[in-house]
Each structure stands twice: as structure tokens, then as C-alpha cells.
Amino acid sequence: MSEPYVLGLQEVDETQVAVAGGKGAHLGGLSRIDGIRVPAGFCLTTEAYRRILAEAPAIDDRLDQLSRLNPDDREAIRMLSAEIRRTIERIAVPGDLAAAITRALAQLGEDAAYAVRSSATAEDLPTASFAGQQDTYLNVVGGAAILQHVSRCWASLFTERAVAYRQRNGIDHRTVQMAVVVQQMVFPQAAGILFTADPVTSHRKVASVEASFGLGEALVSGLVNPDVYKVRDGEVVAKAIGAKQLAVHASPAGGTREQAIDPERQEQPALTDAQVVRLVRLGRRIEAHFGRPQDIEWCLVDDDFQIVQSRPITTLFPIPESGDGENHVYLSVGHQQMMTDPMKPLGLSFWQMTTPAPMAEAGGRLFVDVTRRLASPTTRAGLLDLAGRSDPLTGDALRTILERDGFIRPLPDEGPPEPLPGGTPAPIETDPAIVTELIGRSEASIAASERDIRTKSGEALLDFIRADIQELRRILFDPQSHQVFMSAMEATWWLNERLEAWLGEKNAADTLTQSVPHNVTSEMGLALLAVADVIRPHPDVVAFLQHVEDEGFLDELPTLAGGREARDAIEGWLDKYGMRCVGEIDITRPRWSERPSTLVPLILGNIRNFPPGAGERRFEQGRQEAWENEQELLERLRALPDGEHKAEETKRMIDRVRTFIGYREYPKYGMVSRYFVYKKALLEEAERLVRARVLREKEDIFYLTFEELHDVVRTNRVDDQLIGRRKDDFRSYQALTTPRVLTSDGEVVAGAYRRDDLPAGALIGLPVSAGIIEGRARVILDLARADLEPGDILVTTHTDPSWTPLFVAIAGLVTEVGGLMTHGAVIAREYGLPAVVGVEDATRLIPDGQRIRVHGTDGYVEILP
């Protein structure tokens with residue numbers, strides 16, 4: 001027997017999305033919660049929708065055509081989706097289906113008014129709300145009108161916006177089915193939305209209520225400014241009463257109409273505080289039932305709340321699990337590592353195996369729990385100083401939390417729990433041989449790892465990697481290595497502070513750190529200029545590269561005049577830097593060696609924008625500027641009281657910075673090089689598992705933790721459903737914005753720059769590389785789409801070492817994330833580019849192509865007329 005066409009709301013629950021759609025399933029679940037009132041109604045199941053589609057075989061061809069369209073071809077989508085809607089609306093509802101609807105209406109009252117509501121199987125899901133993608137019809141009266149509106153709901157699965165949403169999110173149109181909810185209309189005095197977590201701050205203990213007079217449509221469609229209430233622990237903690245000029249009411253003839261509200265009522269609250277608190281209590285009950293924060297639509301009828309919708313809030317950042325019920329404060333690791341995108345499970349577990357302290361995970365990101373450090377007077381000051389230096393917004397967010405009564409319980413002053421990463425190291429002598437020896441040891445160790453891993457497979461391979469990571473950690477956290485770059489950073493701070501005090505020079509160290517030796521990241525950008533020098537004289541190669549589309553192009557190059565030299569130059573560059581890529585701390589991200597085509601636009605840009613020999617000239621020019629700046633500063637110091645001593649001390653610090661600061665980039669390069677050794681071996685193992693029919697595709701290993709992968713290799717069995725769930729989770733994490741600071745209440749604490757010394761309209765950030773530059777802003781979110789001309793200013797979310805090849809072509813840098821010692825800042829200083837980082841929403845507030853002025857010395861950006 002087939003599924004029934006009609007089910008009462010009380011016959012379905014939230015597990016039956018496939019039958020009742022997202023809305024119907026949630027309403028069914030709501031109607032089962034004790035104390036929650038839901039207007040009576042029934043659900044036309046997805047079986048009814050399939051029955052309708054079977055009446056029109058032509059729709060199948062249209063769906064094929066639709067799936068082949070480019071998501072950006074709006075005109076074609078509009079025409080084809082309209083055609084599908086017309087076809088569905090014209091299908092006569094079969095007799096047995098119409099009879100089932102009529103019987104259900106007779107039980108509820110045929111003359112009553114109804115809301116007819118779309119309920120697709122891909123809406124109100126934990127990972128994608130699809131809110132507003134399909135249609136709802138209010139105040140529908142009479143059996144014939146209800147049947148007509150049911151057909152419209154089925155057709156609304158193919159509104160232009162719903163089709164475009166699915167295309168953009170990679171959802172197959174055939175996999176989405178449409179149920180329809182028919183519910184008795186309620187005619188409320190007030191209606192609105194309740195969020196059981198604050199939608200602005202994500203605070204899980206603060207509920208937010210929006211209310212207006214009449215039906216909720218006025219609020220949902222943006223016709224009124226609603227009243228907004230914030231409720232915490234059973235009391236209203238904030239409220240703003242909106243001027244509600246319009247209400248939407250039911251029309252006697254069916255449908256709805258807008259109605260002006262009397263001026264004396266416009267600023268009256270739609271709810272009393274007591275009603276708001278009672279509503280939030282109902283919301284907490286609903287949240288407990290569904291197990292996650294909810295976005296709830298409610299109506300107030302005769303002082304009684306009726307719930308007409310509840311869906312998960314999909315925009316909240318998940319909270320790391322602590323399990324102890326205590327308050328916690330978490331700092332984003334991604335903001336330190338310039339990688340705020342989510343990581344796949346294998347990437348997360350490699351990072352956890354590498355890092356000295358366990359990290360909390362949430363939303364595919366890593367966090368450090370700093371609660372104990374903030375609670376202890378011994379470590380608090382050091383943490384605030386370090387966080388504030390690297391990112392003032394993080395420092396301010398932590399201070400904001402500390403100012404709140406009782407969130408962090410102070411610990412007795414018992415000394416530090418453990419040394420702070422980045423704390424003061426032991427003194428070290430300024431000797432260039434130390435750096436060359438550290439680099440030599442690291443390279444020898446990686447070469448040994450690469451040699452030994454070749455003979456390993458199966459469980460032995462995973463055991464080898466687990467053991468070898470201890471060697472990686474020993475090198476990465478070598479005390480001498482730490483001494484080298486920390487002493488360089490301290491010397492930088494010393495120079496900036498003293499030279500501003502003695503000479504009034506702001507950020508003096510910025511020019512002094514241009515073109516230092518041993519900076520593997522800045523050398524990478526200059527080396528790609530040298531690759532362009534090899535290719536530039538060969539027009540056939542340049543023409544060929546302009547049409548590269550796949551990864552086989554290196555093998556095709558030798559057939560062209562100059563192609564062999566071009567291939568050798570690119571492969572030589574890849575041998576040294578090919579293990580790098582965007583988001584390289586995640587081992588699962590594709591490396592340049594795996595996708596060399598991503599380099600082609602960068603090489604072509606260098607050929608177009610630079611003359612031969614630009615790389616060497618650039619390095620030499622930076623070195624010369626740094627030397628001349630050093631001489632000038634020392635001369636000015638000698639003219640001061642006690643000048644010889646000041647100049648001598650300053651010279652010692654400049655030597656220290658120039659000898660050691662280039663090494664700052666090396667430990668991560670060594671780590672990423674070793675990760676790539678592991679990755680190549682693991683992908684070979686994955687290919688074996690694909691051949692053995694254990695895995696469907698080799699990249700499936702990226703969705704397993706290291707331990708889970710070990711089990712798969714050992715047992716030759718994998719949980720396909722787990723991999724499928726992890727892929728869905730990862731997709732949902734990509735839509736989230738990583739918070740700098742997150743509390744265990746789920747609150748995203750943003751932090752602010754406390755500065756009032758800047759021009760009106762300036763965008764504030766952190767000054768990381770001195771100088772002032774004007775130019776055209778190029779807002780680039782994807783390195784592969786970078787199209788820059790000399791003099792452009794790069795505006796992006798964040799940069800990691802993979803962005804360095806672009807730095808040779810730009811005149812300045814603005815990023816949303818970053819600190820004084822993050823990669824973008826280090827390279828900007830070395831290349832002599834004015835840079836401001838940590839500019840909130842820079843990629844949204846600065847239009848692409850806009851002329852801007854970057855104040856790298858004072859830390860702000862002006863948008864020019």
C-alpha cells in the first residue's frame with residue numbers, strides 16, 4: 001500500500017521530513033509538546049506531490065534542462081522555472097486526492113479560513129534554513145480555493161529564488177519534494193518572531209523577541225520596525241519599542257490587506273513584559289524538545305500564544321563541548337594562523353597531533369581555552385598583552401569579558417599553570433650561523449622522513465606517521481628555534497618603542513626589516529618573478545599558458561619553443577614551494593604541486609606587469625632602503641644626549657632583527673613540508689582502499705580523523721553514512737563566520753578599537769607596515785581570481801604564505817584578520833608595502849575598484865571621493 005496522501009499534524013513529528021517536509025514535520029513535533037498550542041491542521045504528504053508530477057511526464061525533461069543551466073544564467077532559470085510552475089498549476093488534482101483533502105477539511109470545518117503553506121523536504125534543516133524559498137497563502141476560504149492554493153504551493157518549489165538557491169548550494173532539484181500544510185487561520189492581536197538565542201551576538205542564554213500588531217507578515221516582509229525585547233533568566237533586560245505604522249490583517253473576502261495603525265497606538269508596545277517572559281518560557285520548552293536554538297513564529301490570540309512555525313537557527317556558531325557546566329572563554333586559532341575557513345576532520349586531527357596543548361573544536365575550527373589564564377592574576381596580564389599586541393580586537397574582547405561580574409571566577413594567585421606560548425625566551429647571541437644550522441637540521445629531518453615513509457603501507461604507514469609527528473614537534477617547538485624568532489620580535493618592539501620615544505619615529509622597525517635573509521616566504525614571491533623571467537621571451541609558451549584549464553599542462557609544455565625551459569622553471573619552483581597552498585595548515589587542502597594550474601594566473605601577471613630581473617632588483621632595493629634608513633636613524637641618535645650609547649644599543653637591536661626575523665616564517669614552512677610527505681603517502685593508501693572497494697573516492701579519507709582512518713586501514717571497513725554526515729557538516733560550516741572570541745554561552749564577543757583620533761568615516765585597523773599609499777582597491781576573496789595591476793591595493797579577508805606571490809605586484813595591503821607578526825604583516829614589511837590589518841568587514845565596506853588611502857603607520861583606511 002502506498003503512503004497516505006493526508007496526515008493530521010499530530011500524526012507526524014520532526015523525524016518525518018521526507019513525508020511532511022521541514023515545516024510540516026516541525027509543526028507535528030511542536031503539536032506534541034506539552035503546553036504548546038499549534039493551530040489545528042493537516043499535511044498533504046510528499047506522496048501527493050509525486051502523484052501530481054506523475055500526471056505530467058514533460059516535467060522530467062524540464063528538470064534535466066534546469067540541472068544543466070549555469071547558476072548565473074538568471075534569464076534562462078526564470079523562463080524555465082516559470083514554465084514548470086505553469087505546468088504544475090494546470091494539472092487537475094486527481095479525484096481520490098481531492099476527496100482526501102475534502103474529508104480532512106470536513107473534520108476541521110469547511111467554512112473556516114485556512115493558511116495553506118509550502119513545506120519542502122529541504123527547508124528548516126539544521127544546516128540550511130531555506131527560509132522564504134517557497135510560498136504561504138493566508139486566509140484561504142472554501143474547498144475550491146484551498147485546492148487551487150495547494151497547487152500553487154506545489155508549483156512554488158520552482159520559484160526563481162528557490163531554484164537559484166538550490167543551484168548555488170549544489171542541491172539536485174529531483175531530491176527535493178513538496179508537502180503542503182493546511183492549518184486553521186488564527187487572527188491575532190499581535191504576532192512576531194522569537195529567537196531562543198540572540199541572533200546578533202549568538203548568546204544562547206539571551207532570547208530575542210520581535211513583535212508587531214496583526215499578522216506576522218508585516219514583520220517578516222519588512223513593512224514595520226517591530227518592538228524588540230531581550231530576555232535573560234526570566235526577565236526583560238532590554239527593549240526598544242518600534243513605530244509600527246502598518247499592520248497586516250485578514251480580509252473578509254479572503255487573503256490579507258495592509259491597514260494603517262492609529263497614531264496613538266503606533267508607539268504602544270505590542271506585548272506586555274509579562275507576556276514576553278511567558279513567550280520566552282514557551283520558547284525554551286520548544287528549544288529543549290528540538291535540542292537546539294530555534295527561530296519561532298508566534299501569534300497572540302486572546303492572551304494565548306499559538307506557535308505557527310519553528311525552525312533551527314542555522315547562523316549560530318557551535319559551542320565547543322567542555323562537559324563541565326563551567327564558564328569558558330575560547331580564542332580562535334584561525335585568527336592566529338590566518339586560516340578562518342573550516343578544516344576537514346583529518347586536517348583538524350593532524351593539527352591536534354602537532355600542537356603542544358589540546359584544542360577545542362567547533363564548527364570545523366580550533367580554539368584555545370584561555371579561561372584559566374584569564375582567571376589567574378599571574379598569567380592574565382601576559383595573555384592580555386600578547387593578545388592585544390597581535391590583535392587589538394581580541395585583546396579588547398577579553399577585557400570586555402573580564403569586566404563582567406562573575407563570568408570568570410578568579411583563581412588564587414598560585415603561579416602560572418604552564419608557560420605562555422610566545423612568552424619571554426632565554427637570551428640568545430646574534431649569530432647568523434644559528435639560523436643556517438636550524439634550517440639545515442630541519443631539511444635533513446624532512447629528507448629522512450621522506451626516504452623512510454616510501455617503504456611503509458597499511459597500518460605500518462599510520463604507525464610511522466604517528467611516531468614521526470613526534471620528530472616534527474621536536475623541531476617545531478625546539479627551544480632554540482623559539483628563542484630566535486621571539487628575540488627578533490622583542491627587538492622589533494624595542495625599536496618601535498625607543499625610536500618613537502627618542503626620535504618621534506612611528507613603527508621605525510618596519511623599514512628596517514625590508515629584504516632580510518632567510519625569509520622562505522618572501523623568497524617564494526621573488527622566485528616566481530624569476531620563473532616569469534624564464535617564460536617571458538617565449539611567446540608560444542605565454543600564449544599557451546593563457547588557455548590552461550587542467551593539471552596536465554606541464555607535460556604539454558615541451559612540445560613548444562621554449563617549453564622545456566618553462567616546464568623546468570615551474571617544476572623547480574614547485575620542488576621548493578609546491579607543498580604550500582591557501583589554508584595550508586589543513587593537510588587536506590590541495591597543494592600547488594597537486595594543482596599547479598593555480599599558479600598560471602600569477603605567472604602571467606608577473607610577465608605582464610614586470611620587466612626582466614625585477615625580483616633581484618626588488619630585493620636589492622629593499623636592502624638598500626633598510627641600510628640607508630639605519631644610517632640615518634643612527635646619525636640622528638648620535639646627536640642626542642647620551643647619543644653614542646643610544647646608537648650603539650639601537651644598532652645591536654637592528655642587527656638582531658635583520659639576522660633573525662626572516663626565520664620567523666621557517667618553522668611553519670618546515671611543518672607544511674612534512675605534512676605534504678604524509679599526505680602523498682596517505683593518498684596512495686587511500687587509492688589502495690578505493691581499489692579494494694572500501695572507499696568510494698580517495699578524498700573520503702579527509703572526512704575521517706587520524707584514528708578513524710587507522711581503524712579503516714586495519715579493518716578494511718568504513719562507515720559511509722558517517723562520511724556523508726561529515727560532508728554535510730563541512731558544507732554547513734563553510735557558511736559560518738569564525739568568531740575571534742567565543743564564550744561557553746555561545747556569545748561571540750567582537751571587541752572594538754578604542755580610538756577617537758581619526759578622520760570621520762575612516763576604517764580602523766592595526767598598523768603593521770609603515771607608510772601611506774593611495775591606489776585602486778582590488779577586493780579579492782579567491783587567490784585564483786586575482787587580477788592585479790601595479791599600484792593596486794589588495795583588500796582581502798586574510799592572507800597566509802600562499803598569497804605572497806601577489807605581494808610583488810601590489811602597492812599596499814588591507815585585511816580583515818591579522819596581527820603584527822602574522823605572515824601578511826611580516827611580508828608587507830619586508831617588501832616595504834604600507835599595510836593595515838584587522839579592519840572589520842573591509843571586503844564589504846570597500847567596493848572593488850574604489851580609490852582608497854592606506855595609512856600603514858597610523859592604522860586606518862580612508863575611502864576617497
# chains A, B, ... in the order shown; residues from 1 in each chain; ligands from 1

call {"tool": "select_by_dssp", "arguments": {"residues": "range 453-590 of chain A", "states": "helix (DSSP H, G or I)", "output": "ChimeraX atom specification"}}
result
/A:453,458-476,479-503,509-512,520-535,539-545,553-559,563-577

call {"tool": "residues_around", "arguments": {"residues": "Arg78 in chain A", "least_positions_apart": "4", "cutoff": "9 Å", "atoms": "only C-alpha atoms", "output": "PyMOL selection string"}}
result
chain A and resi 73-74+82-83+159-161+163

call {"tool": "residues_around", "arguments": {"residues": "range 440-455 of chain A", "least_positions_apart": "6", "cutoff": "12 Å", "atoms": "only C-alpha atoms", "output": "PyMOL selection string"}}
result
chain A and resi 433-434+461-478+481+518+576+666-682+684-685

call {"tool": "atom_distance", "arguments": {"atom1": "CA of Leu709 in chain A", "atom2": "CA of His335 in chain A"}}
result
28.3 Å

call {"tool": "closest_atom_pairs", "arguments": {"of": "range 82-119 of chain A", "to": "range 302-325 of chain A", "cutoff": "12 Å", "atoms": "only C-alpha atoms", "output": "tab-separated table"}}
result
residue	atom	partner	partner_atom	distance
A:Ala115	CA	A:Val308	CA	10.1
A:Val116	CA	A:Val308	CA	12.0
A:Arg117	CA	A:Val308	CA	10.6
A:Ser118	CA	A:Gln309	CA	11.9
A:Ser119	CA	A:Gln309	CA	11.0

call {"tool": "write_last_selection", "arguments": {"atoms": "C-alpha atoms", "output": "CSV table (one decimal), in the first residue's frame"}}
result
chain,number,residue,atom,x,y,z
A,115,ALA,CA,-3.4,29.1,5.9
A,116,VAL,CA,-2.0,27.0,3.0
A,117,ARG,CA,1.7,26.6,3.5
A,118,SER,CA,4.5,25.1,1.4
A,119,SER,CA,6.6,22.5,3.3

call {"tool": "select_by_dssp", "arguments": {"residues": "range 159-203 of chain A", "states": "strand (DSSP E)", "output": "PyMOL selection string"}}
result
chain A and resi 178-184+190-195

call {"tool": "write_last_selection", "arguments": {"atoms": "N, CA, C and O atoms", "output": "CSV table (one decimal), in the first residue's frame"}}
result
chain,number,residue,atom,x,y,z
A,178,MET,N,7.8,18.3,-2.2
A,178,MET,CA,7.0,19.3,-1.6
A,178,MET,C,5.8,18.7,-0.9
A,178,MET,O,5.0,18.0,-1.6
A,179,ALA,N,5.7,18.9,0.4
A,179,ALA,CA,4.4,18.6,1.1
A,179,ALA,C,3.7,20.0,1.3
A,179,ALA,O,4.3,21.0,1.0
A,180,VAL,N,2.5,19.9,1.7
A,180,VAL,CA,1.7,21.2,1.9
A,180,VAL,C,1.0,21.1,3.3
A,180,VAL,O,0.3,20.1,3.5
A,181,VAL,N,1.1,22.1,4.1
A,181,VAL,CA,0.4,22.2,5.4
A,181,VAL,C,-0.9,23.0,5.2
A,181,VAL,O,-0.8,24.2,4.7
A,182,VAL,N,-2.0,22.5,5.6
A,182,VAL,CA,-3.2,23.3,5.7
A,182,VAL,C,-3.6,23.4,7.1
A,182,VAL,O,-3.9,22.4,7.8
A,183,GLN,N,-3.7,24.7,7.6
A,183,GLN,CA,-4.0,25.0,9.0
A,183,GLN,C,-5.1,26.0,9.2
A,183,GLN,O,-5.2,26.9,8.4
A,184,GLN,N,-5.8,25.8,10.3
A,184,GLN,CA,-6.8,26.8,10.6
A,184,GLN,C,-6.2,28.2,10.8
A,184,GLN,O,-5.1,28.2,11.5
A,190,ALA,N,-1.5,40.4,18.0
A,190,ALA,CA,0.0,40.7,17.8
A,190,ALA,C,0.6,39.4,17.3
A,190,ALA,O,0.1,38.3,17.6
A,191,ALA,N,1.7,39.5,16.6
A,191,ALA,CA,2.5,38.3,16.1
A,191,ALA,C,3.9,38.7,16.0
A,191,ALA,O,4.3,39.9,16.0
A,192,GLY,N,4.8,37.7,15.8
A,192,GLY,CA,6.2,38.1,15.6
A,192,GLY,C,7.1,36.8,15.6
A,192,GLY,O,6.6,35.7,15.4
A,193,ILE,N,8.3,37.1,15.9
A,193,ILE,CA,9.3,36.1,15.9
A,193,ILE,C,10.0,36.0,17.3
A,193,ILE,O,10.3,37.1,17.9
A,194,LEU,N,10.4,34.8,17.7
A,194,LEU,CA,11.2,34.6,18.9
A,194,LEU,C,12.4,33.8,18.5
A,194,LEU,O,12.3,32.8,17.9
A,195,PHE,N,13.6,34.4,18.9
A,195,PHE,CA,14.8,33.6,18.7
A,195,PHE,C,15.2,33.2,20.1
A,195,PHE,O,15.4,34.0,21.0

call {"tool": "atom_distance", "arguments": {"atom1": "CA of Leu794 in chain A", "atom2": "CA of Phe610 in chain A"}}
result
17.5 Å

call {"tool": "residues_around", "arguments": {"residues": "Leu69 in chain A", "least_positions_apart": "5", "cutoff": "9 Å", "atoms": "only C-alpha atoms", "output": "list in words"}}
result
Ala76, Ile77 and Gln167 of chain A

call {"tool": "write_last_selection", "arguments": {"atoms": "C-alpha atoms", "output": "compact mmCIF listing (two decimals), in the first residue's frame"}}
result
# COMPACT_ATOMS: atom_id res chain seq x y z
CA ALA A 76 17.16 31.05 -18.51
CA ILE A 77 16.37 29.99 -14.92
CA GLN A 167 21.64 25.57 -7.85

call {"tool": "residues_around", "arguments": {"residues": "range 196-209 of chain A", "least_positions_apart": "3", "cutoff": "7 Å", "atoms": "only C-alpha atoms", "output": "list in words"}}
result
Ile193, Val228, Tyr229, Lys230, Val231, Arg232, Val280, Gly283, Arg284, Pro293, Gln294, Asp295, Leu316, Asp745, Gly746, Glu747 and Val748 of chain A

call {"tool": "write_last_selection", "arguments": {"atoms": "N, CA and C atoms", "output": "mmCIF file, in the first residue's frame"}}
result
data_model
loop_
_atom_site.group_PDB
_atom_site.id
_atom_site.type_symbol
_atom_site.label_atom_id
_atom_site.label_comp_id
_atom_site.auth_asym_id
_atom_site.auth_seq_id
_atom_site.Cartn_x
_atom_site.Cartn_y
_atom_site.Cartn_z
ATOM 1 N N ILE A 193 8.301 37.093 15.947
ATOM 2 C CA ILE A 193 9.335 36.054 15.916
ATOM 3 C C ILE A 193 10.047 36.017 17.261
ATOM 4 N N VAL A 228 11.399 45.225 19.912
ATOM 5 C CA VAL A 228 12.424 44.189 20.124
ATOM 6 C C VAL A 228 12.708 44.095 21.623
ATOM 7 N N TYR A 229 12.602 42.897 22.154
ATOM 8 C CA TYR A 229 12.852 42.640 23.578
ATOM 9 C C TYR A 229 13.998 41.639 23.705
ATOM 10 N N LYS A 230 14.858 41.853 24.696
ATOM 11 C CA LYS A 230 15.879 40.851 25.044
ATOM 12 C C LYS A 230 15.538 40.317 26.429
ATOM 13 N N VAL A 231 15.557 38.995 26.561
ATOM 14 C CA VAL A 231 15.173 38.360 27.827
ATOM 15 C C VAL A 231 16.280 37.435 28.286
ATOM 16 N N ARG A 232 16.649 37.582 29.553
ATOM 17 C CA ARG A 232 17.655 36.687 30.130
ATOM 18 C C ARG A 232 17.223 36.275 31.528
ATOM 19 N N VAL A 280 8.886 33.558 26.079
ATOM 20 C CA VAL A 280 10.248 33.005 26.077
ATOM 21 C C VAL A 280 10.276 31.669 26.817
ATOM 22 N N GLY A 283 9.269 29.227 24.453
ATOM 23 C CA GLY A 283 10.378 29.031 23.510
ATOM 24 C C GLY A 283 11.438 28.102 24.058
ATOM 25 N N ARG A 284 11.743 28.250 25.348
ATOM 26 C CA ARG A 284 12.761 27.363 25.969
ATOM 27 C C ARG A 284 12.274 25.910 25.968
ATOM 28 N N PRO A 293 18.906 25.739 19.449
ATOM 29 C CA PRO A 293 18.204 27.028 19.421
ATOM 30 C C PRO A 293 17.253 27.139 18.228
ATOM 31 N N GLN A 294 16.105 27.798 18.479
ATOM 32 C CA GLN A 294 15.040 27.849 17.470
ATOM 33 C C GLN A 294 14.658 29.281 17.105
ATOM 34 N N ASP A 295 14.192 29.402 15.859
ATOM 35 C CA ASP A 295 13.617 30.633 15.320
ATOM 36 C C ASP A 295 12.117 30.319 15.198
ATOM 37 N N LEU A 316 24.070 30.340 13.902
ATOM 38 C CA LEU A 316 24.820 30.409 15.159
ATOM 39 C C LEU A 316 26.106 29.600 15.056
ATOM 40 N N ASP A 745 28.683 30.394 26.635
ATOM 41 C CA ASP A 745 27.274 30.744 26.420
ATOM 42 C C ASP A 745 26.974 30.882 24.933
ATOM 43 N N GLY A 746 28.001 30.660 24.085
ATOM 44 C CA GLY A 746 27.810 30.803 22.645
ATOM 45 C C GLY A 746 27.933 32.235 22.182
ATOM 46 N N GLU A 747 28.262 33.139 23.108
ATOM 47 C CA GLU A 747 28.321 34.556 22.733
ATOM 48 C C GLU A 747 29.594 34.851 21.943
ATOM 49 N N VAL A 748 29.419 35.529 20.816
ATOM 50 C CA VAL A 748 30.551 35.995 20.013
ATOM 51 C C VAL A 748 30.887 37.402 20.513
#

call {"tool": "closest_residue", "arguments": {"among": "A:Met821, A:Ala58, A:Val176, A:Val333", "to": "Val19 in chain A", "atoms": "only C-alpha atoms"}}
result
A:Val176

call {"tool": "residues_around", "arguments": {"residues": "Pro356 in chain A", "least_positions_apart": "2", "cutoff": "10 Å", "atoms": "only C-alpha atoms", "output": "JSON, numbers by chain"}}
result
{"A": [351, 352, 353, 354, 358, 359, 421, 473, 476, 477]}

call {"tool": "residues_around", "arguments": {"residues": "Gly818 in chain A", "least_positions_apart": "5", "cutoff": "7 Å", "atoms": "only C-alpha atoms", "output": "list in words"}}
result
His335, Met338, Asp391, His798, Val837 and Gly838 of chain A

call {"tool": "closest_residue", "arguments": {"among": "A:Asp431, A:Asp719, A:Glu297, A:Glu632", "to": "Glu505 in chain A", "atoms": "only C-alpha atoms"}}
result
A:Glu632

call {"tool": "closest_residue", "arguments": {"among": "A:Thr559, A:Thr121, A:Ser769, A:Thr521", "to": "Trp803 in chain A", "atoms": "only C-alpha atoms"}}
result
A:Thr521

call {"tool": "atom_distance", "arguments": {"atom1": "CA of Ile146 in chain A", "atom2": "CA of Pro94 in chain A"}}
result
14.6 Å

call {"tool": "closest_residue", "arguments": {"among": "A:Arg373, A:Arg536, A:Lys244, A:Arg589", "to": "Gly605 in chain A", "atoms": "only C-alpha atoms"}}
result
A:Arg536

call {"tool": "decode", "arguments": {"residues": "range 188-305 of chain A", "atoms": "C-alpha atoms", "output": "short mmCIF file (atom, residue, chain, number, x, y, z; two decimals), in the first residue's frame"}}
result
data_model
loop_
_atom_site.label_atom_id
_atom_site.label_comp_id
_atom_site.auth_asym_id
_atom_site.auth_seq_id
_atom_site.Cartn_x
_atom_site.Cartn_y
_atom_site.Cartn_z
CA PRO A 188 -4.02 37.57 16.23
CA GLN A 189 -3.82 40.90 18.04
CA ALA A 190 -0.03 40.65 17.77
CA ALA A 191 2.47 38.34 16.12
CA GLY A 192 6.17 38.05 15.56
CA ILE A 193 9.34 36.05 15.92
CA LEU A 194 11.15 34.63 18.92
CA PHE A 195 14.81 33.63 18.70
CA THR A 196 15.82 31.44 21.63
CA ALA A 197 19.43 32.64 21.16
CA ASP A 198 20.40 36.24 20.43
CA PRO A 199 20.71 36.40 16.61
CA VAL A 200 23.22 39.27 16.83
CA THR A 201 25.66 38.01 19.49
CA SER A 202 24.73 34.27 19.35
CA HIS A 203 24.39 34.30 23.18
CA ARG A 204 22.42 31.14 23.98
CA LYS A 205 21.05 32.46 27.31
CA VAL A 206 19.59 35.64 25.80
CA ALA A 207 16.32 35.28 23.89
CA SER A 208 15.18 37.94 21.43
CA VAL A 209 11.50 38.70 20.75
CA GLU A 210 10.26 40.80 17.82
CA ALA A 211 6.60 41.82 17.93
CA SER A 212 4.14 43.88 15.87
CA PHE A 213 0.35 44.28 15.67
CA GLY A 214 -1.77 42.00 13.45
CA LEU A 215 -0.38 39.11 11.40
CA GLY A 216 3.34 38.36 11.40
CA GLU A 217 3.54 39.09 7.65
CA ALA A 218 4.12 42.81 8.34
CA LEU A 219 7.27 41.95 10.26
CA VAL A 220 8.54 39.14 8.01
CA SER A 221 8.12 41.23 4.85
CA GLY A 222 9.86 44.25 6.42
CA LEU A 223 6.84 46.61 6.45
CA VAL A 224 7.31 47.68 10.08
CA ASN A 225 10.03 48.26 12.64
CA PRO A 226 8.94 45.79 15.32
CA ASP A 227 9.28 46.06 19.08
CA VAL A 228 12.42 44.19 20.12
CA TYR A 229 12.85 42.64 23.58
CA LYS A 230 15.88 40.85 25.04
CA VAL A 231 15.17 38.36 27.83
CA ARG A 232 17.66 36.69 30.13
CA ASP A 233 16.99 34.45 33.15
CA GLY A 234 13.26 35.16 33.09
CA GLU A 235 13.41 38.96 32.90
CA VAL A 236 13.36 41.59 30.17
CA VAL A 237 16.89 43.07 30.14
CA ALA A 238 16.44 45.42 27.16
CA LYS A 239 13.62 46.64 24.95
CA ALA A 240 13.09 49.03 22.05
CA ILE A 241 9.54 49.92 21.01
CA GLY A 242 9.26 50.42 17.25
CA ALA A 243 6.97 52.90 15.47
CA LYS A 244 4.53 50.39 13.95
CA GLN A 245 2.65 52.33 11.24
CA LEU A 246 1.11 49.34 9.44
CA ALA A 247 -0.49 46.03 10.34
CA VAL A 248 -1.47 43.14 8.05
CA HIS A 249 -4.96 41.75 8.74
CA ALA A 250 -7.15 39.09 7.15
CA SER A 251 -9.66 40.37 4.55
CA PRO A 252 -13.29 39.22 4.89
CA ALA A 253 -13.23 38.08 1.24
CA GLY A 254 -10.03 36.01 1.75
CA GLY A 255 -6.36 36.95 1.55
CA THR A 256 -4.83 39.79 3.54
CA ARG A 257 -4.68 43.58 3.48
CA GLU A 258 -2.45 46.26 4.95
CA GLN A 259 -4.06 48.61 7.43
CA ALA A 260 -2.72 51.84 8.95
CA ILE A 261 -2.39 51.82 12.74
CA ASP A 262 -3.87 54.77 14.66
CA PRO A 263 -1.09 57.27 15.50
CA GLU A 264 -1.71 56.99 19.27
CA ARG A 265 -1.23 53.17 19.09
CA GLN A 266 1.89 53.19 16.86
CA GLU A 267 4.35 53.52 19.74
CA GLN A 268 2.43 51.33 22.17
CA PRO A 269 4.13 48.00 22.94
CA ALA A 270 2.53 45.04 21.15
CA LEU A 271 3.18 42.85 24.22
CA THR A 272 3.47 43.41 27.96
CA ASP A 273 6.76 42.45 29.65
CA ALA A 274 4.92 39.61 31.42
CA GLN A 275 3.70 38.26 28.06
CA VAL A 276 7.23 38.47 26.62
CA VAL A 277 8.64 36.47 29.56
CA ARG A 278 5.84 33.88 29.22
CA LEU A 279 6.53 33.57 25.47
CA VAL A 280 10.25 33.01 26.08
CA ARG A 281 9.40 30.28 28.60
CA LEU A 282 7.41 28.51 25.85
CA GLY A 283 10.38 29.03 23.51
CA ARG A 284 12.76 27.36 25.97
CA ARG A 285 10.41 24.36 26.12
CA ILE A 286 10.42 24.14 22.30
CA GLU A 287 14.22 24.53 22.21
CA ALA A 288 14.61 21.69 24.74
CA HIS A 289 12.35 19.45 22.63
CA PHE A 290 14.29 20.01 19.38
CA GLY A 291 17.67 20.05 21.12
CA ARG A 292 18.99 23.29 19.53
CA PRO A 293 18.20 27.03 19.42
CA GLN A 294 15.04 27.85 17.47
CA ASP A 295 13.62 30.63 15.32
CA ILE A 296 9.89 30.55 16.24
CA GLU A 297 6.91 32.33 14.65
CA TRP A 298 4.12 33.05 17.16
CA CYS A 299 0.68 34.66 17.30
CA LEU A 300 -1.11 36.17 20.32
CA VAL A 301 -4.84 35.39 20.36
CA ASP A 302 -6.85 36.49 23.44
CA ASP A 303 -3.75 36.45 25.69
CA ASP A 304 -2.91 32.96 24.47
CA PHE A 305 0.20 32.22 22.40
#
